[in-house]
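Quick notes on the structure that follows.
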Amino acid sequence: MENQKTLKGEFSISGVGLHTGLAINATFKPAPAGTGIKFKRIDLEGENEIDALAENVVETSRGTVIAKGDVKVSTIEHAMSALYALGVDNCMIEISGGEMPILDGSAAPFVKEILAVGLEELEAEREYYVVRKKTEFVNEATGSKYTFIPDDDFSMTVMVKYPSVVLSNQFANLDSIADFQNEVASCRTFVFVKEIEPLVKNNLIKGGDLDNAIVVYDEKLSQAEVDHICGILGKTNVKAENIGYLSNEPLRFENEPARHKMLDLIGDLALIGKPIKGKVIAVCPGHTANADLTKKLRKEIKRQEVVIPSYDPNAEPVMDVNKIREILPHRWPMQLVDKVIEISDNYVVAVKNVTSNETFFMGHFPQEPVMPGVLIVEAMAQSGGLFVLNSLDDPHGYSTYFMKIDNVKFRRKVVPGDTLIFKVSYVTPLRRGCAVMKAYAFVGDQIVAEAEFMAQIIKNK
(Lines give C-alpha, C1' and ligand atoms only; values in the text may rest on other atoms or scores of the structure.)
Protein backbone atom coordinates (compact mmCIF):
# COMPACT_ATOMS: atom_id res chain seq x y z
CA MET A 1 0.00 0.00 0.00
CA GLU A 2 1.08 3.58 -0.70
CA ASN A 3 0.36 6.58 1.46
CA GLN A 4 -1.34 9.78 0.34
CA LYS A 5 0.83 12.74 -0.59
CA THR A 6 0.61 16.51 -0.53
CA LEU A 7 2.95 19.35 -1.46
CA LYS A 8 5.97 19.93 0.76
CA GLY A 9 5.47 23.69 0.42
CA GLU A 10 3.29 26.19 -1.39
CA PHE A 11 3.84 27.90 -4.73
CA SER A 12 2.03 30.49 -6.84
CA ILE A 13 1.46 30.78 -10.57
CA SER A 14 0.24 33.91 -12.33
CA GLY A 15 -1.06 34.52 -15.83
CA VAL A 16 -4.14 35.41 -17.83
CA GLY A 17 -7.29 33.38 -18.22
CA LEU A 18 -7.69 31.91 -21.71
CA HIS A 19 -11.28 33.06 -22.13
CA THR A 20 -11.59 35.98 -19.71
CA GLY A 21 -8.20 37.56 -20.44
CA LEU A 22 -8.04 38.60 -16.78
CA ALA A 23 -4.85 38.49 -14.73
CA ILE A 24 -5.14 35.54 -12.34
CA ASN A 25 -3.00 34.29 -9.47
CA ALA A 26 -3.31 30.71 -8.19
CA THR A 27 -1.55 29.55 -5.02
CA PHE A 28 -1.15 25.80 -4.46
CA LYS A 29 -0.96 24.89 -0.76
CA PRO A 30 -0.37 21.64 1.16
CA ALA A 31 -3.50 20.01 2.59
CA PRO A 32 -4.14 17.26 5.19
CA ALA A 33 -4.88 13.65 4.27
CA GLY A 34 -8.42 13.13 3.04
CA THR A 35 -8.79 16.69 1.75
CA GLY A 36 -8.52 15.82 -1.93
CA ILE A 37 -8.06 18.66 -4.42
CA LYS A 38 -10.03 21.82 -3.64
CA PHE A 39 -10.28 25.21 -5.33
CA LYS A 40 -10.98 28.30 -3.23
CA ARG A 41 -12.07 31.64 -4.71
CA ILE A 42 -10.30 34.22 -2.55
CA ASP A 43 -11.68 37.13 -4.57
CA LEU A 44 -15.16 36.45 -3.15
CA GLU A 45 -16.46 36.68 0.38
CA GLY A 46 -17.11 33.48 2.34
CA GLU A 47 -15.48 30.09 2.22
CA ASN A 48 -16.13 29.50 -1.50
CA GLU A 49 -14.40 26.12 -1.63
CA ILE A 50 -15.19 23.71 -4.45
CA ASP A 51 -14.19 20.04 -4.40
CA ALA A 52 -12.53 19.01 -7.65
CA LEU A 53 -14.94 16.13 -8.23
CA ALA A 54 -16.96 15.07 -11.25
CA GLU A 55 -20.34 15.79 -9.66
CA ASN A 56 -19.35 19.47 -9.45
CA VAL A 57 -18.69 19.81 -13.21
CA VAL A 58 -21.26 22.23 -14.65
CA GLU A 59 -19.88 23.15 -18.08
CA THR A 60 -17.57 21.59 -20.66
CA SER A 61 -17.92 23.60 -23.88
CA ARG A 62 -14.35 25.03 -23.96
CA GLY A 63 -12.79 23.44 -20.88
CA THR A 64 -13.80 21.87 -17.59
CA VAL A 65 -15.76 24.14 -15.24
CA ILE A 66 -16.62 23.20 -11.65
CA ALA A 67 -19.02 25.07 -9.39
CA LYS A 68 -20.62 25.14 -5.98
CA GLY A 69 -23.71 27.29 -6.03
CA ASP A 70 -22.88 30.48 -7.88
CA VAL A 71 -19.12 30.12 -7.37
CA LYS A 72 -17.25 28.76 -10.41
CA VAL A 73 -13.71 27.95 -11.48
CA SER A 74 -13.01 27.12 -15.13
CA THR A 75 -10.21 25.63 -17.22
CA ILE A 76 -8.94 23.45 -14.37
CA GLU A 77 -7.89 20.45 -16.48
CA HIS A 78 -4.21 21.35 -17.00
CA ALA A 79 -3.53 21.87 -13.29
CA MET A 80 -5.51 18.74 -12.40
CA SER A 81 -3.53 16.72 -14.92
CA ALA A 82 -0.21 17.81 -13.39
CA LEU A 83 -1.37 17.09 -9.82
CA TYR A 84 -2.66 13.65 -10.80
CA ALA A 85 0.43 12.66 -12.78
CA LEU A 86 2.86 13.65 -10.01
CA GLY A 87 0.84 11.88 -7.31
CA VAL A 88 -0.55 14.86 -5.36
CA ASP A 89 -3.63 13.57 -3.53
CA ASN A 90 -4.35 16.60 -1.35
CA CYS A 91 -4.00 20.27 -2.27
CA MET A 92 -5.80 23.57 -1.66
CA ILE A 93 -5.67 25.91 -4.65
CA GLU A 94 -6.48 29.52 -3.77
CA ILE A 95 -7.39 31.42 -6.91
CA SER A 96 -7.99 35.15 -7.40
CA GLY A 97 -10.59 34.78 -10.15
CA GLY A 98 -12.96 32.45 -11.93
CA GLU A 99 -10.49 30.86 -14.34
CA MET A 100 -7.14 29.14 -14.01
CA PRO A 101 -4.32 30.94 -15.87
CA ILE A 102 -3.63 29.38 -19.28
CA LEU A 103 0.15 29.98 -19.10
CA ASP A 104 1.67 28.31 -22.19
CA GLY A 105 -1.43 26.19 -22.85
CA SER A 106 0.06 23.03 -21.33
CA ALA A 107 0.62 21.43 -17.92
CA ALA A 108 4.40 21.93 -17.97
CA PRO A 109 4.49 25.11 -15.79
CA PHE A 110 2.46 23.32 -13.08
CA VAL A 111 4.72 20.26 -13.25
CA LYS A 112 7.82 22.44 -12.91
CA GLU A 113 6.52 24.14 -9.75
CA ILE A 114 5.32 20.90 -8.15
CA LEU A 115 8.71 19.29 -8.68
CA ALA A 116 10.43 22.39 -7.27
CA VAL A 117 8.57 22.29 -3.92
CA GLY A 118 8.50 18.48 -3.72
CA LEU A 119 6.00 16.13 -2.12
CA GLU A 120 5.35 15.09 1.47
CA GLU A 121 4.04 11.67 2.43
CA LEU A 122 1.07 11.61 4.81
CA GLU A 123 -0.06 9.00 7.31
CA ALA A 124 -3.25 7.89 5.54
CA GLU A 125 -3.26 5.18 2.89
CA ARG A 126 -3.98 6.06 -0.73
CA GLU A 127 -7.12 4.49 -2.19
CA TYR A 128 -7.26 3.51 -5.85
CA TYR A 129 -9.99 2.98 -8.38
CA VAL A 130 -9.00 -0.51 -9.50
CA VAL A 131 -10.20 -1.70 -12.90
CA ARG A 132 -11.24 -5.30 -12.27
CA LYS A 133 -12.74 -6.23 -15.63
CA LYS A 134 -12.83 -4.89 -19.16
CA THR A 135 -15.48 -2.17 -19.35
CA GLU A 136 -16.58 0.08 -22.20
CA PHE A 137 -18.28 3.47 -22.04
CA VAL A 138 -19.73 4.91 -25.24
CA ASN A 139 -21.08 8.44 -25.57
CA GLU A 140 -23.54 8.31 -28.47
CA ALA A 141 -23.88 12.10 -28.64
CA THR A 142 -20.17 12.79 -29.16
CA GLY A 143 -19.01 9.50 -30.66
CA SER A 144 -16.44 9.11 -27.88
CA LYS A 145 -15.54 5.64 -26.64
CA TYR A 146 -13.56 4.66 -23.54
CA THR A 147 -12.31 1.17 -22.73
CA PHE A 148 -10.94 0.29 -19.29
CA ILE A 149 -8.74 -2.82 -19.00
CA PRO A 150 -7.31 -4.35 -15.80
CA ASP A 151 -3.61 -3.63 -15.27
CA ASP A 152 -1.22 -3.29 -12.36
CA ASP A 153 -0.45 0.34 -13.16
CA PHE A 154 -1.97 3.30 -14.98
CA SER A 155 -1.44 3.65 -18.72
CA MET A 156 -3.35 5.28 -21.54
CA THR A 157 -3.81 5.31 -25.30
CA VAL A 158 -5.71 8.14 -27.02
CA MET A 159 -6.89 8.27 -30.63
CA VAL A 160 -8.37 11.37 -32.24
CA LYS A 161 -10.08 11.84 -35.59
CA TYR A 162 -11.09 15.08 -37.32
CA PRO A 163 -12.41 15.93 -40.79
CA SER A 164 -9.26 17.93 -41.48
CA VAL A 165 -6.54 17.77 -44.12
CA VAL A 166 -3.98 18.90 -41.53
CA LEU A 167 -5.14 17.05 -38.40
CA SER A 168 -7.04 13.92 -39.43
CA ASN A 169 -6.05 10.81 -37.44
CA GLN A 170 -3.53 10.81 -34.60
CA PHE A 171 -2.83 8.64 -31.61
CA ALA A 172 -0.73 8.98 -28.48
CA ASN A 173 0.44 6.34 -26.03
CA LEU A 174 1.54 6.61 -22.40
CA ASP A 175 3.02 3.39 -21.01
CA SER A 176 3.43 4.73 -17.49
CA ILE A 177 2.29 7.83 -15.61
CA ALA A 178 5.98 8.31 -14.76
CA ASP A 179 6.49 9.33 -18.42
CA PHE A 180 3.93 12.16 -18.20
CA GLN A 181 6.50 14.86 -17.43
CA ASN A 182 8.56 14.22 -20.57
CA GLU A 183 5.95 12.97 -23.01
CA VAL A 184 2.68 14.76 -22.26
CA ALA A 185 3.02 17.73 -19.89
CA SER A 186 4.38 20.22 -22.43
CA CYS A 187 1.73 19.59 -25.11
CA ARG A 188 -0.35 22.71 -25.80
CA THR A 189 -4.03 23.25 -26.39
CA PHE A 190 -5.17 23.66 -29.99
CA VAL A 191 -8.03 25.18 -31.94
CA PHE A 192 -9.17 24.99 -35.55
CA VAL A 193 -9.02 28.21 -37.53
CA LYS A 194 -12.76 28.10 -38.31
CA GLU A 195 -13.51 28.14 -34.55
CA ILE A 196 -11.69 31.39 -33.79
CA GLU A 197 -14.16 33.92 -35.13
CA PRO A 198 -17.19 32.33 -33.37
CA LEU A 199 -15.19 32.22 -30.11
CA VAL A 200 -14.33 35.89 -30.42
CA LYS A 201 -17.95 36.78 -31.17
CA ASN A 202 -18.97 34.85 -28.02
CA ASN A 203 -16.60 37.03 -25.98
CA LEU A 204 -14.14 34.17 -25.43
CA ILE A 205 -10.38 33.53 -25.93
CA LYS A 206 -9.57 37.06 -24.73
CA GLY A 207 -6.33 35.67 -23.33
CA GLY A 208 -5.58 33.44 -26.31
CA ASP A 209 -2.55 33.95 -28.54
CA LEU A 210 -0.02 31.87 -30.42
CA ASP A 211 2.18 31.60 -27.31
CA ASN A 212 -0.45 29.51 -25.49
CA ALA A 213 -2.29 27.73 -28.29
CA ILE A 214 -1.78 26.03 -31.63
CA VAL A 215 -4.09 27.02 -34.49
CA VAL A 216 -4.87 24.32 -37.01
CA TYR A 217 -5.05 26.23 -40.30
CA ASP A 218 -6.66 23.51 -42.43
CA GLU A 219 -8.92 25.38 -44.83
CA LYS A 220 -7.80 28.26 -47.01
CA LEU A 221 -9.15 31.71 -46.24
CA SER A 222 -8.63 34.98 -48.04
CA GLN A 223 -5.55 36.93 -47.11
CA ALA A 224 -7.79 39.56 -45.46
CA GLU A 225 -9.42 36.89 -43.28
CA VAL A 226 -6.06 35.41 -42.36
CA ASP A 227 -4.71 38.86 -41.46
CA HIS A 228 -7.79 39.51 -39.30
CA ILE A 229 -7.40 36.24 -37.37
CA CYS A 230 -3.66 36.69 -37.02
CA GLY A 231 -4.29 40.18 -35.68
CA ILE A 232 -6.45 38.69 -32.95
CA LEU A 233 -3.70 36.22 -32.10
CA GLY A 234 -0.76 38.61 -32.40
CA LYS A 235 0.77 36.98 -35.46
CA THR A 236 1.98 38.75 -38.61
CA ASN A 237 3.14 37.89 -42.10
CA VAL A 238 1.21 34.63 -42.51
CA LYS A 239 0.46 33.66 -46.10
CA ALA A 240 -3.10 32.54 -46.76
CA GLU A 241 -1.95 29.59 -48.85
CA ASN A 242 0.33 28.11 -46.14
CA ILE A 243 -1.91 25.32 -44.83
CA GLY A 244 -0.62 23.81 -41.57
CA TYR A 245 -0.16 24.83 -37.95
CA LEU A 246 0.08 28.42 -36.73
CA SER A 247 2.17 28.92 -33.61
CA ASN A 248 4.99 31.09 -32.34
CA GLU A 249 7.12 27.97 -32.00
CA PRO A 250 7.16 24.64 -33.87
CA LEU A 251 5.18 21.62 -32.71
CA ARG A 252 6.79 20.08 -29.66
CA PHE A 253 5.77 16.62 -30.89
CA GLU A 254 4.55 15.49 -34.28
CA ASN A 255 1.35 14.30 -32.58
CA GLU A 256 1.10 17.17 -30.08
CA PRO A 257 -2.70 17.56 -30.49
CA ALA A 258 -3.33 13.90 -29.60
CA ARG A 259 -0.97 14.19 -26.64
CA HIS A 260 -2.82 17.29 -25.47
CA LYS A 261 -6.11 15.39 -25.64
CA MET A 262 -4.46 12.81 -23.40
CA LEU A 263 -3.36 15.59 -21.01
CA ASP A 264 -6.95 16.86 -20.85
CA LEU A 265 -8.35 13.39 -20.29
CA ILE A 266 -5.94 12.69 -17.42
CA GLY A 267 -6.98 15.99 -15.82
CA ASP A 268 -10.65 15.16 -16.22
CA LEU A 269 -10.19 11.60 -14.91
CA ALA A 270 -8.57 13.11 -11.80
CA LEU A 271 -12.08 14.32 -10.94
CA ILE A 272 -13.09 10.81 -9.85
CA GLY A 273 -11.10 11.58 -6.71
CA LYS A 274 -8.84 8.51 -6.82
CA PRO A 275 -5.86 7.45 -8.92
CA ILE A 276 -6.61 4.65 -11.37
CA LYS A 277 -5.00 1.23 -11.61
CA GLY A 278 -5.75 0.07 -15.13
CA LYS A 279 -5.27 0.87 -18.80
CA VAL A 280 -7.53 3.44 -20.48
CA ILE A 281 -8.07 3.45 -24.24
CA ALA A 282 -9.94 6.54 -25.45
CA VAL A 283 -11.26 7.18 -28.95
CA CYS A 284 -12.20 10.80 -29.72
CA PRO A 285 -12.27 12.04 -26.11
CA GLY A 286 -13.47 15.54 -25.26
CA HIS A 287 -14.42 17.46 -22.14
CA THR A 288 -18.16 16.81 -22.51
CA ALA A 289 -17.76 13.06 -22.93
CA ASN A 290 -15.01 13.00 -20.27
CA ALA A 291 -17.38 14.63 -17.77
CA ASP A 292 -20.13 12.12 -18.55
CA LEU A 293 -17.62 9.29 -18.06
CA THR A 294 -16.25 10.57 -14.76
CA LYS A 295 -19.73 11.14 -13.34
CA LYS A 296 -20.56 7.50 -14.08
CA LEU A 297 -17.31 6.38 -12.46
CA ARG A 298 -18.04 8.50 -9.39
CA LYS A 299 -21.42 6.81 -8.99
CA GLU A 300 -19.74 3.42 -9.20
CA ILE A 301 -17.15 4.46 -6.62
CA LYS A 302 -19.86 5.66 -4.26
CA ARG A 303 -21.62 2.31 -4.59
CA GLN A 304 -18.43 0.51 -3.70
CA GLU A 305 -16.42 2.85 -1.50
CA VAL A 306 -14.68 -0.07 0.17
CA VAL A 307 -11.79 -1.64 -1.71
CA ILE A 308 -12.71 -5.18 -2.78
CA PRO A 309 -10.21 -7.63 -1.26
CA SER A 310 -8.14 -9.67 -3.67
CA TYR A 311 -8.39 -13.43 -3.18
CA ASP A 312 -5.82 -15.94 -4.34
CA PRO A 313 -7.17 -19.45 -3.58
CA ASN A 314 -3.64 -20.85 -3.97
CA ALA A 315 -2.15 -18.66 -1.25
CA GLU A 316 -1.47 -20.11 2.19
CA PRO A 317 -4.17 -18.90 4.63
CA VAL A 318 -3.30 -16.90 7.71
CA MET A 319 -5.71 -19.12 9.66
CA ASP A 320 -7.03 -22.46 8.41
CA VAL A 321 -10.15 -24.17 9.75
CA ASN A 322 -8.23 -25.82 12.61
CA LYS A 323 -6.70 -22.56 13.77
CA ILE A 324 -10.16 -20.93 13.61
CA ARG A 325 -11.55 -23.67 15.88
CA GLU A 326 -8.84 -22.88 18.43
CA ILE A 327 -10.11 -19.29 18.68
CA LEU A 328 -13.88 -19.52 18.06
CA PRO A 329 -16.22 -21.84 19.97
CA HIS A 330 -18.48 -22.41 16.92
CA ARG A 331 -18.79 -25.89 15.43
CA TRP A 332 -20.86 -27.54 12.69
CA PRO A 333 -23.37 -26.45 11.58
CA MET A 334 -22.65 -22.94 12.93
CA GLN A 335 -19.00 -22.49 12.00
CA LEU A 336 -19.38 -20.16 9.02
CA VAL A 337 -15.77 -19.12 8.31
CA ASP A 338 -13.47 -21.52 6.45
CA LYS A 339 -10.23 -19.53 6.51
CA VAL A 340 -8.65 -16.13 7.11
CA ILE A 341 -6.52 -14.86 4.22
CA GLU A 342 -5.40 -11.49 5.59
CA ILE A 343 -5.26 -9.83 8.99
CA SER A 344 -3.74 -6.54 10.14
CA ASP A 345 -4.12 -4.04 12.97
CA ASN A 346 -7.11 -2.47 11.20
CA TYR A 347 -9.00 -5.21 9.38
CA VAL A 348 -9.45 -8.90 8.64
CA VAL A 349 -10.35 -10.71 5.40
CA ALA A 350 -11.99 -14.13 5.70
CA VAL A 351 -13.59 -16.68 3.35
CA LYS A 352 -16.70 -18.88 3.39
CA ASN A 353 -17.23 -21.38 0.57
CA VAL A 354 -20.96 -21.86 0.13
CA THR A 355 -21.77 -25.42 -0.97
CA SER A 356 -25.01 -27.21 -1.80
CA ASN A 357 -24.46 -29.46 1.26
CA GLU A 358 -25.16 -26.67 3.78
CA THR A 359 -27.90 -27.89 6.13
CA PHE A 360 -29.88 -24.62 5.91
CA PHE A 361 -30.52 -25.20 2.20
CA MET A 362 -32.78 -28.13 3.15
CA GLY A 363 -35.44 -25.64 4.19
CA HIS A 364 -34.25 -22.34 2.69
CA PHE A 365 -35.42 -23.16 0.08
CA PRO A 366 -35.54 -26.70 -1.42
CA GLN A 367 -36.46 -25.51 -4.92
CA GLU A 368 -34.41 -22.30 -4.83
CA PRO A 369 -31.50 -22.54 -2.36
CA VAL A 370 -30.65 -19.13 -0.90
CA MET A 371 -28.32 -18.51 2.04
CA PRO A 372 -30.29 -16.80 4.84
CA GLY A 373 -29.29 -13.19 5.36
CA VAL A 374 -29.04 -13.71 9.10
CA LEU A 375 -26.34 -16.33 8.52
CA ILE A 376 -24.38 -13.96 6.27
CA VAL A 377 -24.45 -11.47 9.15
CA GLU A 378 -23.41 -14.25 11.54
CA ALA A 379 -20.47 -15.13 9.28
CA MET A 380 -19.39 -11.47 9.20
CA ALA A 381 -19.63 -11.40 13.00
CA GLN A 382 -17.50 -14.55 13.30
CA SER A 383 -14.90 -12.90 11.06
CA GLY A 384 -15.00 -9.90 13.40
CA GLY A 385 -14.64 -12.22 16.38
CA LEU A 386 -11.49 -13.74 14.88
CA PHE A 387 -10.19 -10.22 14.23
CA VAL A 388 -10.72 -9.05 17.80
CA LEU A 389 -9.67 -12.21 19.62
CA ASN A 390 -6.52 -12.58 17.56
CA SER A 391 -5.31 -9.26 19.00
CA LEU A 392 -5.44 -10.64 22.56
CA ASP A 393 -2.53 -12.35 24.32
CA ASP A 394 -4.81 -15.24 25.35
CA PRO A 395 -7.56 -15.47 22.68
CA HIS A 396 -8.63 -18.94 23.90
CA GLY A 397 -9.78 -17.50 27.21
CA TYR A 398 -12.32 -15.05 25.73
CA SER A 399 -15.45 -14.97 23.57
CA THR A 400 -17.22 -12.19 21.67
CA TYR A 401 -20.96 -11.52 21.89
CA PHE A 402 -23.25 -9.29 19.84
CA MET A 403 -24.48 -6.14 21.57
CA LYS A 404 -25.92 -4.26 18.60
CA ILE A 405 -26.39 -4.58 14.82
CA ASP A 406 -27.08 -1.52 12.64
CA ASN A 407 -27.48 -0.54 8.99
CA VAL A 408 -27.73 -4.07 7.62
CA LYS A 409 -28.16 -4.12 3.83
CA PHE A 410 -28.48 -7.02 1.41
CA ARG A 411 -27.70 -6.30 -2.24
CA ARG A 412 -28.03 -9.72 -3.90
CA LYS A 413 -28.71 -13.32 -2.92
CA VAL A 414 -25.98 -15.84 -2.08
CA VAL A 415 -26.39 -19.32 -3.57
CA PRO A 416 -24.50 -22.65 -3.66
CA GLY A 417 -21.21 -22.30 -5.52
CA ASP A 418 -20.56 -18.74 -4.32
CA THR A 419 -17.39 -17.86 -2.45
CA LEU A 420 -18.08 -15.26 0.21
CA ILE A 421 -15.24 -12.86 1.05
CA PHE A 422 -15.66 -10.91 4.28
CA LYS A 423 -13.83 -7.72 5.16
CA VAL A 424 -14.29 -6.45 8.71
CA SER A 425 -12.60 -3.34 10.10
CA TYR A 426 -12.79 -1.16 13.19
CA VAL A 427 -15.07 1.87 13.13
CA THR A 428 -13.61 3.00 16.45
CA PRO A 429 -10.63 1.59 18.37
CA LEU A 430 -11.20 -1.30 20.75
CA ARG A 431 -12.23 0.30 24.03
CA ARG A 432 -13.28 -1.18 27.41
CA GLY A 433 -13.85 -4.58 25.92
CA CYS A 434 -16.20 -3.27 23.21
CA ALA A 435 -15.49 -3.35 19.50
CA VAL A 436 -17.49 -1.36 16.93
CA MET A 437 -16.92 -2.76 13.45
CA LYS A 438 -17.99 -2.32 9.84
CA ALA A 439 -18.35 -5.49 7.77
CA TYR A 440 -18.78 -6.18 4.07
CA ALA A 441 -19.51 -9.46 2.30
CA PHE A 442 -18.45 -9.86 -1.34
CA VAL A 443 -19.04 -12.40 -4.06
CA GLY A 444 -16.59 -11.69 -6.86
CA ASP A 445 -16.48 -7.92 -7.36
CA GLN A 446 -19.95 -7.28 -5.93
CA ILE A 447 -20.95 -6.29 -2.41
CA VAL A 448 -23.70 -8.72 -1.36
CA ALA A 449 -24.20 -7.49 2.20
CA GLU A 450 -22.92 -4.97 4.72
CA ALA A 451 -23.52 -4.25 8.39
CA GLU A 452 -22.24 -2.35 11.40
CA PHE A 453 -22.14 -4.11 14.74
CA MET A 454 -20.89 -3.81 18.28
CA ALA A 455 -19.46 -6.79 20.09
CA GLN A 456 -18.33 -7.23 23.68
CA ILE A 457 -15.32 -9.31 24.67
CA ILE A 458 -16.04 -11.43 27.74
CA LYS A 459 -13.67 -13.70 29.63
CA ASN A 460 -14.75 -17.33 29.61
CA LYS A 461 -15.70 -18.90 32.92
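In the C-alpha coordinates, the first chain shown is A, the next is B, and so on; residue numbers restart at 1 for each chain, and ligands run from 1 in the order shown.
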
Residues of segment 119-169 of chain A that approach segment 8-24 of chain A to 12 Å or less, counting only C-alpha atoms: could you list each one with the shortest pair of atoms and its distance in Å to one decimal, rows by chain and increasing residue number, as a Markdown table?
| residue | atom | partner | partner_atom | distance |
| --- | --- | --- | --- | --- |
| A:Leu119 | CA | A:Lys8 | CA | 4.8 |
| A:Glu120 | CA | A:Lys8 | CA | 4.9 |
| A:Glu121 | CA | A:Lys8 | CA | 8.7 |
| A:Leu122 | CA | A:Lys8 | CA | 10.5 |

Write out as a tab-separated table a residue-level contact list of segment 267-352 of chain A versus segment 396-402 of chain A with cut-off 10 Å: for each qualifying residue the closest pair of atoms and the distance in Å to one decimal, counting only C-alpha atoms, rows sorted by chain and residue number upward.
residue	atom	partner	partner_atom	distance
A:Arg325	CA	A:His396	CA	9.8
A:Glu326	CA	A:His396	CA	6.7
A:Ile327	CA	A:His396	CA	5.4
A:Leu328	CA	A:Ser399	CA	7.3
A:Pro329	CA	A:Ser399	CA	7.8

Which residue of A:Ser168, A:Thr294, A:Asn139, A:Asn248 approaches Ala52 of chain A most closely, using only C-alpha atoms: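 Of A:Ser168, A:Thr294, A:Asn139, A:Asn248, the one nearest Ala52 of chain A, counting only C-alpha atoms, is A:Thr294.
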
Using only C-alpha atoms: which of A:Val348, A:Ala449, A:Cys91, A:Leu297 has the shortest distance to Lys29 of chain A: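 Checking each of A:Val348, A:Ala449, A:Cys91, A:Leu297 against Lys29 of chain A, counting only C-alpha atoms, the winner is A:Cys91.
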
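Candidate residues A:Arg298, A:Arg412, A:Lys194, A:Lys145 were compared for distance to Val370 of chain A, and the nearest is A:Arg412, using only C-alpha atoms.
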
Residues flagged alpha helix (DSSP H) by DSSP in segment 300-382 of chain A, as an NGL selection string: :A and (300-303 or 321-327 or 373-382)

Residues within 10 Å of Gly98 of chain A, only C-alpha atoms, excluding chain neighbours under 6 positions, as a PyMOL selection string: chain A and resi 17+20+22+24+40-44+65-67+71-75

Which of A:Pro372, A:Pro309, A:Gly363, A:Gly118 sits closest to Ala350 of chain A [using only C-alpha atoms]: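 Smallest distance to Ala350 of chain A is found for A:Pro309.
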